[in-house]
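Student: Before I ask anything, let me first share the structure, which is written out below as structure tokens.
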Amino acid sequence: MENEENPVNPIDLSIFKDQIRQSLLNILDTLPKVEKTLVLEKSCVSKVNYLTSLESLKERQIRKEITILSSSPFVSDCPIIIYITTPKLENVKIIEKHIESNTKEFGTKDSNEIQDKESLNRYHVIFIPKISGECYTFINDSKYKSYFNIHILNIDIYQLDYDLLSLENNNSFRDIYVDKNLNSLSSLSRAITKYETVFGRIKYKYSKGFYAKKLIEILNREEEALNNNLNNDNETLACFIFDRNVDMVTPLCTNYIYEGILDDYIGINFNVMNVATKILKKESKAETLKLDLSSGEKFYTSIKDFNFKKIKTFLPGRMAELNKENLDKEKNAEKNSLTNHINISDYISNNQKLPIYKFYQNLEKSLLKGELPNKLHDFIEDELSKKANEYNLLKMICLESIIHSGIKYKIYEQIKKDFLNVYGYQEILLWHNLEKVEMLKPQDNNNFYSDANKKLQLIFENVDTNEPNDISYTYNGYAPIIVRLIEKSLSQGGWNSIKDLLKKIPGETNFPSDETDIFSTSVDKQFILLVFIGGITYGELAAIRLLNKKNRNKKFIVLTTGMINTKKIFESLKKGEYSLPNNNTNKN
């Protein structure tokens with residue numbers, strides 16, 4: 001059952017997935033035609049599942065049982081052992097230990113002695129997306145270096161949907177905005193250049209934010225180098241690049257889009273969701289079952305952008321319709337999928353019925369309106385005393401801080417002290433990083449949200465969640481700031497017409513001076529690439545898809561470093577190292 005309103009994608013992005021899949025299969029096809037065993041770094045399991053099928057692996061004589069890379073002893077009698085890993089030094093050290101164990105077990109001589117060709121061709125390491133300098137140096141210095149057969153699977157970009165490309169880097173937000181690591185910018189520039197190689201040069205480039213501007217500078221240098229290899233068809237006329245910290249309100253808001261809620265409650269990874277069998281109400285020895293959420297799953301595709309209020313009425317209604325029909329193969333598949341989603345939505349609904357959930361939602365709604373609830377800080381202290389869910393509470397504190405330009409100094413210091421006392425001083429890194437990206441701070445006079453709220457009409461009280469007519473349906477009456485900016489630029493003829501408004505939003509603004517042709521309704525086809533540095537939420541993605549429906553001659557394609565939500569941001573900010581601040585800088 002496909003959504004008939006959803007426009008057919010005019011640009012076939014599947015070429016990117018097909019290229020990567022073929023690259024992996026080409027590597028496997030170069031190996032001897034003997035039995036092989038596969039050892040995967042845990043984070044690479046979903047990538048391999050995304051790229052290829054069990055049948056394709058079996059055709060290449062790879063055993064069905066896949067081993068997860070770990071420091072535990074590993075010995076295999078297989079003629080070929082294939083490792084797939086990211087370029088982490090600790091992983092290469094583990095692989096070296098495995099080689100050492102296997103050579104001793106099967107009596108193979110070490111690499112300082114004469115070896116037969118079969119022994120040297122036994123161990124193959126596929127690095128995704130490249131090999132690092134430290135890994136290369138370690139292998140080169142290893143006494144087993146002759147056993148390492150190195151392959152590179154250069155993945156710049158993953159196609160996750162008909163309109164969605166992603167680097168799938170869950171740590172990109174922290175890497176960029178905390179560690180100032182620009183590897184993600186390099187990856188994005190390679191992805192955009194690859195996009196231009198396939199679909200033609202992008203004529204107009206817009207940027208909002210420091211890193212967005214930096215990315216355009218990198219792109220311009222690369223385009224100059226590739227000048228003769230890029231055609232000028234301009235199939236994609238414009239590219240809008242946004243720093244994530246242009247809007248940190250939206251990722252903290254409660255997502256009401258079904259796909260976003262699934263990611264919040266269960267988690268989505270490469271279009272796959274591992275759901276507890278008890279949620280699905282299935283009898284199985286396995287604790288979890290994998291559900292396919294790719295575009296090939298037609299029923300899910302038709303409902304993923306629904307507001308959850310619509311989901312709760314639509315699913316039972318559709319089941320009642322199917323129960324009256326004679327089911328063919330396709331309808332049976334839909335019914336099976338429908339049953340799963342009814343059970344999942346019931347599980348989510350039961351969690352949302354808890355009084356504390358509704359209390360949090362009411363506070364969030366008040367904050368988004370620009371209000372400061374009278375008893376907010378009493379509520380925070382009360383929740384701290386109960387040791388409530390850490391991330392739910394922290395989300396509310398961050399929302400107050402961002403929306404109201406910080407929290408009064410004495411209150412801020414008390415909340416910080418109590419938070420670390422309750423949840424442990426191991427959380428000081430998380431708090432420190434939240435301060436570093438200015439999601440938490442004592443109050444100052446830089447209040448951008450109030451202006452943005454008025455000028456962009458972020459709050460839409462009468463949104464129709466069943467047949468949405470405004471992008472705010474994705475957050476039950478709150479419009480994502482970046483998507484509202486895009487919408488304003490469409491309706492008012494570009495960024496020059498809203499430049500005063502753009503000044504109110506965090507991050508420097510850059511746009512072409514000759515932009516008038518981009519937004520002309522007389523142009524038949526206008527494909528626009530939207531780039532999010534630091535991640536995009538499923539709510540923002542659904543809002544962009546609504547713009548696609550409302551603007552029939554505009555087609556948006558999204559490129560992001562990854563899909564994010566509140567939990568993913570907090571989890572990434574818990575990683576890293578913390579050094580105590582200089583006491584001289586402390587406020588008295």
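Labels used: A, B, ... for chains in the order of the structure tokens, numbers from 1 for residues in each chain, and numbers from 1 for ligands as shown.
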If we count only C-alpha atoms and set the cut-off at 10 Å, which residues sit around region 385-401 of chain A, ignoring sequence neighbours fewer than 3 positions away in its own chain? Please answer as an MDAnalysis selection string.

Tutor: chainID A and resid 248:254 357 360:361 363:364 367:368 370:373 376:377 379:382 404:408 412 415:416 418:419 422:423 431 434:435 438:444 566:567 570:571

Student: Residues within 12 Å of Thr288 (chain A), please, as a PyMOL selection string. Count only C-alpha atoms; anything in the same chain fewer than 4 positions from it doesn't count.

Tutor: chain A and resi 266+272-284

Student: Per DSSP on the backbone, what are the helix (DSSP H, G or I) residues of region 19-182 of chain A, as an mmCIF file with N, CA and C atoms, in the first residue's frame?

Tutor:
```cif
data_model
loop_
_atom_site.group_PDB
_atom_site.id
_atom_site.type_symbol
_atom_site.label_atom_id
_atom_site.label_comp_id
_atom_site.auth_asym_id
_atom_site.auth_seq_id
_atom_site.Cartn_x
_atom_site.Cartn_y
_atom_site.Cartn_z
ATOM 1 N N GLN A 19 26.943 0.620 -6.169
ATOM 2 C CA GLN A 19 28.395 0.727 -6.368
ATOM 3 C C GLN A 19 29.163 0.118 -5.196
ATOM 4 N N ILE A 20 28.715 0.437 -3.968
ATOM 5 C CA ILE A 20 29.414 -0.076 -2.784
ATOM 6 C C ILE A 20 29.255 -1.589 -2.695
ATOM 7 N N ARG A 21 28.029 -2.071 -2.933
ATOM 8 C CA ARG A 21 27.783 -3.513 -2.874
ATOM 9 C C ARG A 21 28.691 -4.247 -3.854
ATOM 10 N N GLN A 22 28.773 -3.710 -5.063
ATOM 11 C CA GLN A 22 29.598 -4.360 -6.076
ATOM 12 C C GLN A 22 31.073 -4.317 -5.695
ATOM 13 N N SER A 23 31.497 -3.230 -5.050
ATOM 14 C CA SER A 23 32.899 -3.128 -4.609
ATOM 15 C C SER A 23 33.229 -4.215 -3.595
ATOM 16 N N LEU A 24 32.294 -4.453 -2.649
ATOM 17 C CA LEU A 24 32.506 -5.514 -1.656
ATOM 18 C C LEU A 24 32.550 -6.884 -2.329
ATOM 19 N N LEU A 25 31.613 -7.143 -3.227
ATOM 20 C CA LEU A 25 31.578 -8.440 -3.908
ATOM 21 C C LEU A 25 32.816 -8.645 -4.782
ATOM 22 N N ASN A 26 33.310 -7.565 -5.373
ATOM 23 C CA ASN A 26 34.528 -7.664 -6.189
ATOM 24 C C ASN A 26 35.721 -8.089 -5.345
ATOM 25 N N ILE A 27 35.808 -7.545 -4.115
ATOM 26 C CA ILE A 27 36.899 -7.943 -3.221
ATOM 27 C C ILE A 27 36.784 -9.428 -2.891
ATOM 28 N N LEU A 28 35.564 -9.864 -2.543
ATOM 29 C CA LEU A 28 35.359 -11.277 -2.189
ATOM 30 C C LEU A 28 35.633 -12.193 -3.372
ATOM 31 N N ASP A 29 35.331 -11.727 -4.572
ATOM 32 C CA ASP A 29 35.526 -12.561 -5.767
ATOM 33 C C ASP A 29 36.992 -12.737 -6.131
ATOM 34 N N LYS A 42 31.889 -5.361 15.529
ATOM 35 C CA LYS A 42 30.455 -5.275 15.833
ATOM 36 C C LYS A 42 29.767 -4.170 15.041
ATOM 37 N N SER A 43 30.411 -3.008 14.919
ATOM 38 C CA SER A 43 29.777 -1.880 14.225
ATOM 39 C C SER A 43 29.664 -2.113 12.720
ATOM 40 N N CYS A 44 30.370 -3.121 12.202
ATOM 41 C CA CYS A 44 30.327 -3.398 10.763
ATOM 42 C C CYS A 44 29.262 -4.414 10.386
ATOM 43 N N VAL A 45 28.645 -5.056 11.387
ATOM 44 C CA VAL A 45 27.634 -6.075 11.094
ATOM 45 C C VAL A 45 26.479 -5.474 10.304
ATOM 46 N N SER A 46 25.954 -4.353 10.786
ATOM 47 C CA SER A 46 24.819 -3.719 10.113
ATOM 48 C C SER A 46 25.216 -3.229 8.722
ATOM 49 N N LYS A 47 26.475 -2.806 8.554
ATOM 50 C CA LYS A 47 26.923 -2.333 7.245
ATOM 51 C C LYS A 47 26.963 -3.473 6.233
ATOM 52 N N VAL A 48 27.453 -4.637 6.667
ATOM 53 C CA VAL A 48 27.506 -5.793 5.772
ATOM 54 C C VAL A 48 26.088 -6.269 5.442
ATOM 55 N N ASN A 49 25.213 -6.293 6.455
ATOM 56 C CA ASN A 49 23.814 -6.674 6.214
ATOM 57 C C ASN A 49 23.144 -5.729 5.226
ATOM 58 N N TYR A 50 23.481 -4.435 5.346
ATOM 59 C CA TYR A 50 22.921 -3.425 4.443
ATOM 60 C C TYR A 50 23.395 -3.650 3.003
ATOM 61 N N LEU A 51 24.667 -4.035 2.862
ATOM 62 C CA LEU A 51 25.271 -4.091 1.534
ATOM 63 C C LEU A 51 24.965 -5.362 0.758
ATOM 64 N N LEU A 54 22.660 -12.836 2.593
ATOM 65 C CA LEU A 54 23.238 -14.112 3.012
ATOM 66 C C LEU A 54 23.497 -14.999 1.791
ATOM 67 N N GLU A 55 22.607 -14.933 0.790
ATOM 68 C CA GLU A 55 22.757 -15.755 -0.417
ATOM 69 C C GLU A 55 24.037 -15.377 -1.166
ATOM 70 N N SER A 56 24.301 -14.046 -1.260
ATOM 71 C CA SER A 56 25.513 -13.596 -1.964
ATOM 72 C C SER A 56 26.769 -14.080 -1.266
ATOM 73 N N LEU A 57 26.732 -14.100 0.056
ATOM 74 C CA LEU A 57 27.886 -14.583 0.827
ATOM 75 C C LEU A 57 28.063 -16.087 0.659
ATOM 76 N N LYS A 58 26.949 -16.796 0.674
ATOM 77 C CA LYS A 58 27.015 -18.263 0.514
ATOM 78 C C LYS A 58 27.552 -18.636 -0.860
ATOM 79 N N GLU A 59 27.198 -17.853 -1.867
ATOM 80 C CA GLU A 59 27.702 -18.103 -3.221
ATOM 81 C C GLU A 59 29.217 -17.998 -3.274
ATOM 82 N N LEU A 89 43.159 0.917 15.835
ATOM 83 C CA LEU A 89 44.391 0.219 16.159
ATOM 84 C C LEU A 89 44.145 -0.994 17.042
ATOM 85 N N GLU A 90 43.199 -0.854 18.008
ATOM 86 C CA GLU A 90 42.940 -1.983 18.905
ATOM 87 C C GLU A 90 42.410 -3.196 18.142
ATOM 88 N N ASN A 91 41.671 -2.955 17.066
ATOM 89 C CA ASN A 91 41.163 -4.067 16.258
ATOM 90 C C ASN A 91 42.283 -4.781 15.506
ATOM 91 N N VAL A 92 43.215 -3.997 14.984
ATOM 92 C CA VAL A 92 44.337 -4.584 14.252
ATOM 93 C C VAL A 92 45.208 -5.414 15.203
ATOM 94 N N LYS A 93 45.350 -4.940 16.427
ATOM 95 C CA LYS A 93 46.119 -5.707 17.420
ATOM 96 C C LYS A 93 45.440 -7.042 17.727
ATOM 97 N N ILE A 94 44.109 -7.027 17.807
ATOM 98 C CA ILE A 94 43.359 -8.272 18.038
ATOM 99 C C ILE A 94 43.548 -9.227 16.862
ATOM 100 N N ILE A 95 43.496 -8.692 15.640
ATOM 101 C CA ILE A 95 43.674 -9.532 14.449
ATOM 102 C C ILE A 95 45.064 -10.164 14.451
ATOM 103 N N GLU A 96 46.067 -9.390 14.855
ATOM 104 C CA GLU A 96 47.416 -9.939 14.928
ATOM 105 C C GLU A 96 47.477 -11.110 15.914
ATOM 106 N N LYS A 97 46.787 -10.965 17.058
ATOM 107 C CA LYS A 97 46.729 -12.051 18.045
ATOM 108 C C LYS A 97 46.060 -13.287 17.460
ATOM 109 N N HIS A 98 45.001 -13.067 16.684
ATOM 110 C CA HIS A 98 44.305 -14.178 16.032
ATOM 111 C C HIS A 98 45.248 -14.907 15.074
ATOM 112 N N ILE A 99 45.988 -14.127 14.285
ATOM 113 C CA ILE A 99 46.929 -14.732 13.334
ATOM 114 C C ILE A 99 47.970 -15.552 14.083
ATOM 115 N N GLU A 100 48.459 -14.971 15.181
ATOM 116 C CA GLU A 100 49.454 -15.677 15.990
ATOM 117 C C GLU A 100 48.881 -16.999 16.523
ATOM 118 N N SER A 101 47.650 -16.956 17.043
ATOM 119 C CA SER A 101 47.015 -18.165 17.588
ATOM 120 C C SER A 101 46.808 -19.213 16.507
ATOM 121 N N ASN A 102 46.365 -18.785 15.347
ATOM 122 C CA ASN A 102 46.096 -19.733 14.269
ATOM 123 C C ASN A 102 47.374 -20.341 13.699
ATOM 124 N N THR A 103 48.430 -19.543 13.589
ATOM 125 C CA THR A 103 49.682 -20.082 13.053
ATOM 126 C C THR A 103 50.274 -21.117 13.996
ATOM 127 N N LYS A 104 50.130 -20.877 15.312
ATOM 128 C CA LYS A 104 50.636 -21.856 16.288
ATOM 129 C C LYS A 104 49.787 -23.117 16.298
ATOM 130 N N GLU A 105 48.457 -22.946 16.193
ATOM 131 C CA GLU A 105 47.532 -24.079 16.239
ATOM 132 C C GLU A 105 47.760 -25.025 15.065
ATOM 133 N N LYS A 117 52.566 -20.315 -0.123
ATOM 134 C CA LYS A 117 51.653 -19.299 -0.652
ATOM 135 C C LYS A 117 50.284 -19.360 0.022
ATOM 136 N N GLU A 118 49.805 -20.564 0.315
ATOM 137 C CA GLU A 118 48.485 -20.716 0.927
ATOM 138 C C GLU A 118 48.432 -20.072 2.304
ATOM 139 N N SER A 119 49.475 -20.229 3.100
ATOM 140 C CA SER A 119 49.512 -19.632 4.441
ATOM 141 C C SER A 119 49.485 -18.114 4.355
ATOM 142 N N LEU A 120 50.230 -17.561 3.402
ATOM 143 C CA LEU A 120 50.298 -16.102 3.273
ATOM 144 C C LEU A 120 48.994 -15.519 2.750
ATOM 145 N N GLY A 133 46.744 5.716 9.305
ATOM 146 C CA GLY A 133 48.207 5.706 9.343
ATOM 147 C C GLY A 133 48.748 4.832 10.458
ATOM 148 N N GLU A 134 48.118 4.902 11.645
ATOM 149 C CA GLU A 134 48.627 4.121 12.775
ATOM 150 C C GLU A 134 48.413 2.627 12.561
ATOM 151 N N CYS A 135 47.312 2.244 11.904
ATOM 152 C CA CYS A 135 47.080 0.833 11.598
ATOM 153 C C CYS A 135 48.111 0.335 10.588
ATOM 154 N N TYR A 136 48.368 1.161 9.573
ATOM 155 C CA TYR A 136 49.347 0.776 8.551
ATOM 156 C C TYR A 136 50.737 0.602 9.167
ATOM 157 N N THR A 137 51.114 1.532 10.038
ATOM 158 C CA THR A 137 52.432 1.447 10.686
ATOM 159 C C THR A 137 52.533 0.205 11.556
ATOM 160 N N PHE A 138 51.490 -0.087 12.318
ATOM 161 C CA PHE A 138 51.507 -1.263 13.202
ATOM 162 C C PHE A 138 51.672 -2.547 12.382
ATOM 163 N N ILE A 139 50.891 -2.658 11.300
ATOM 164 C CA ILE A 139 50.979 -3.863 10.461
ATOM 165 C C ILE A 139 52.370 -3.979 9.851
ATOM 166 N N ASN A 140 52.921 -2.865 9.382
ATOM 167 C CA ASN A 140 54.233 -2.873 8.745
ATOM 168 C C ASN A 140 55.338 -3.274 9.711
ATOM 169 N N ASP A 141 55.131 -2.965 11.016
ATOM 170 C CA ASP A 141 56.133 -3.306 12.031
ATOM 171 C C ASP A 141 55.904 -4.689 12.645
ATOM 172 N N LYS A 145 53.467 -9.330 9.419
ATOM 173 C CA LYS A 145 52.983 -8.412 8.383
ATOM 174 C C LYS A 145 52.720 -9.110 7.047
ATOM 175 N N SER A 146 53.472 -10.171 6.751
ATOM 176 C CA SER A 146 53.288 -10.864 5.478
ATOM 177 C C SER A 146 51.950 -11.580 5.400
ATOM 178 N N TYR A 147 51.339 -11.821 6.555
ATOM 179 C CA TYR A 147 50.059 -12.515 6.581
ATOM 180 C C TYR A 147 48.885 -11.564 6.347
ATOM 181 N N SER A 172 29.386 11.957 14.794
ATOM 182 C CA SER A 172 29.806 13.144 14.043
ATOM 183 C C SER A 172 29.538 14.436 14.802
ATOM 184 N N PHE A 173 28.425 14.501 15.555
ATOM 185 C CA PHE A 173 28.118 15.730 16.286
ATOM 186 C C PHE A 173 29.226 16.045 17.286
ATOM 187 N N ARG A 174 29.613 15.036 18.088
ATOM 188 C CA ARG A 174 30.684 15.258 19.048
ATOM 189 C C ARG A 174 32.017 15.532 18.339
ATOM 190 N N ASP A 175 32.308 14.744 17.296
ATOM 191 C CA ASP A 175 33.570 14.903 16.579
ATOM 192 C C ASP A 175 33.760 16.337 16.108
ATOM 193 N N ILE A 176 32.697 16.908 15.546
ATOM 194 C CA ILE A 176 32.803 18.247 14.947
ATOM 195 C C ILE A 176 32.736 19.345 16.002
ATOM 196 N N TYR A 177 31.682 19.313 16.829
ATOM 197 C CA TYR A 177 31.383 20.469 17.683
ATOM 198 C C TYR A 177 32.090 20.431 19.038
#
```

Student: Quick one: residues within 10 Å of Asn551 (chain A), only C-alpha atoms counted, chain neighbours fewer than 5 positions away excluded, as a ChimeraX atom specification?

Tutor: /A:487,490-491,521,545-546,556

Student: Next, write the just-selected residues to a file, as a PDB file, in the first residue's frame, keeping N, CA and C atoms as the atom set.

Tutor:
```
ATOM      1  N   GLU A 487      11.427  26.529   4.109  1.00  0.00           N
ATOM      2  CA  GLU A 487      10.078  26.844   3.644  1.00  0.00           C
ATOM      3  C   GLU A 487       9.940  28.340   3.363  1.00  0.00           C
ATOM      4  N   LEU A 490      11.591  29.339   0.175  1.00  0.00           N
ATOM      5  CA  LEU A 490      10.820  28.931  -1.000  1.00  0.00           C
ATOM      6  C   LEU A 490       9.706  29.935  -1.294  1.00  0.00           C
ATOM      7  N   SER A 491       9.008  30.345  -0.241  1.00  0.00           N
ATOM      8  CA  SER A 491       7.836  31.205  -0.426  1.00  0.00           C
ATOM      9  C   SER A 491       8.211  32.655  -0.687  1.00  0.00           C
ATOM     10  N   THR A 521       8.987  29.815  -9.955  1.00  0.00           N
ATOM     11  CA  THR A 521       8.019  28.720 -10.142  1.00  0.00           C
ATOM     12  C   THR A 521       7.907  28.314 -11.605  1.00  0.00           C
ATOM     13  N   ARG A 545       9.789  16.124   3.685  1.00  0.00           N
ATOM     14  CA  ARG A 545       8.952  15.370   2.738  1.00  0.00           C
ATOM     15  C   ARG A 545       7.593  16.043   2.534  1.00  0.00           C
ATOM     16  N   LEU A 546       7.076  16.672   3.581  1.00  0.00           N
ATOM     17  CA  LEU A 546       5.821  17.414   3.418  1.00  0.00           C
ATOM     18  C   LEU A 546       6.034  18.612   2.498  1.00  0.00           C
ATOM     19  N   PHE A 556      13.421  17.727  -2.849  1.00  0.00           N
ATOM     20  CA  PHE A 556      14.520  17.812  -1.891  1.00  0.00           C
ATOM     21  C   PHE A 556      15.160  16.444  -1.697  1.00  0.00           C
TER      22      PHE A 556
END
```

Student: Give the strand (DSSP E) residues of region 198-343 of chain A, as DSSP finds them on the backbone, and put them as a list in words.

Tutor: Tyr204, Lys205, Tyr206, Ser207, Lys208, Thr236, Leu237, Ala238, Cys239, Phe240, Ile241, Phe242, Asp243, Val272, Met273, Asn274, Val275, Ala276, Thr288, Leu289, Lys290, Leu291 and Asp292 of chain A

Student: Give the answer as one residue: which of A:Leu215, A:Ile241, A:Leu559, A:Leu530 has the shortest atom-to-atom distance to Asp156 (chain A), using only C-alpha atoms?

Tutor: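 Answer, going by the shortest atom-to-atom distance: A:Leu559.
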
Student: Between A:Lys555, A:Lys324, A:Lys17, A:Lys309, which one has atoms that come closest to Ile155 (chain A), using only C-alpha atoms?

Tutor: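 With only C-alpha atoms as the atom set, the closest residue is A:Lys17.
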
Student: Work out how far CA of Gly267 (chain A) is from CA of Gln159 (chain A), in Å to one decimal.

Tutor: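 Between CA of Gln159 (chain A) and CA of Gly267 (chain A) the gap works out to 18.3 Å.
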
Student: Record the distance separating CA of Asn171 (chain A) and CA of His432 (chain A), expressed in Å with one decimal.

Tutor: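 For CA of Asn171 (chain A) relative to CA of His432 (chain A), the distance reads 16.6 Å.
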
Student: Would you kindly return, as an NGL selection string, each protein, DNA or RNA residue with an atom no farther than 12 Å from any atom of Glu35 (chain A), considering only C-alpha atoms and excluding same-chain residues fewer than 3 positions away?

Tutor: :A and (28 or 31-32 or 38 or 57-64 or 76-82 or 122)

Student: Excluding region 531-535 of chain A and residues on its chain fewer than 6 positions from it, collect all residues at most 10 Å away from it, counting only C-alpha atoms, and give them as a ChimeraX atom specification.

Tutor: /A:165-177,184-185,188,192,206-207,209,211-212,215,239-246,251,482,557-565,569

Student: For CA of Arg201 (chain A) and CA of Asn548 (chain A), quote the distance in Å rounded to one decimal.

Tutor: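 Atom-to-atom, CA of Arg201 (chain A) and CA of Asn548 (chain A) are spaced 21.9 Å apart.
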
Student: Point out the residue among A:Ile311, A:Leu262, A:Ala333, A:Leu182 with the least atom-to-atom distance to Leu293 (chain A), counting only C-alpha atoms.

Tutor: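 Using only C-alpha atoms, the shortest distance to Leu293 (chain A) belongs to A:Leu262.
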
Student: Find the residue from A:Asn374, A:Phe511, A:Val483, A:Phe527 that sits nearest to Asn496 (chain A); use only C-alpha atoms when measuring.

Tutor: A:Phe511

Student: Can you pull out the residues contacting Arg318 (chain A)? Cut-off 10 Å, using only C-alpha atoms, and skip same-chain residues under 4 positions away; I want them as JSON, numbers by chain.

Tutor: {"A": [313, 314, 322, 323, 334, 335, 338]}

Student: Pick out the closest residue to Leu13 (chain A) from this set: A:Phe306, A:Phe199, A:Tyr123, A:Phe148. Count only C-alpha atoms.

Tutor: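 Nearest candidate to Leu13 (chain A) out of A:Phe306, A:Phe199, A:Tyr123, A:Phe148: A:Phe199.
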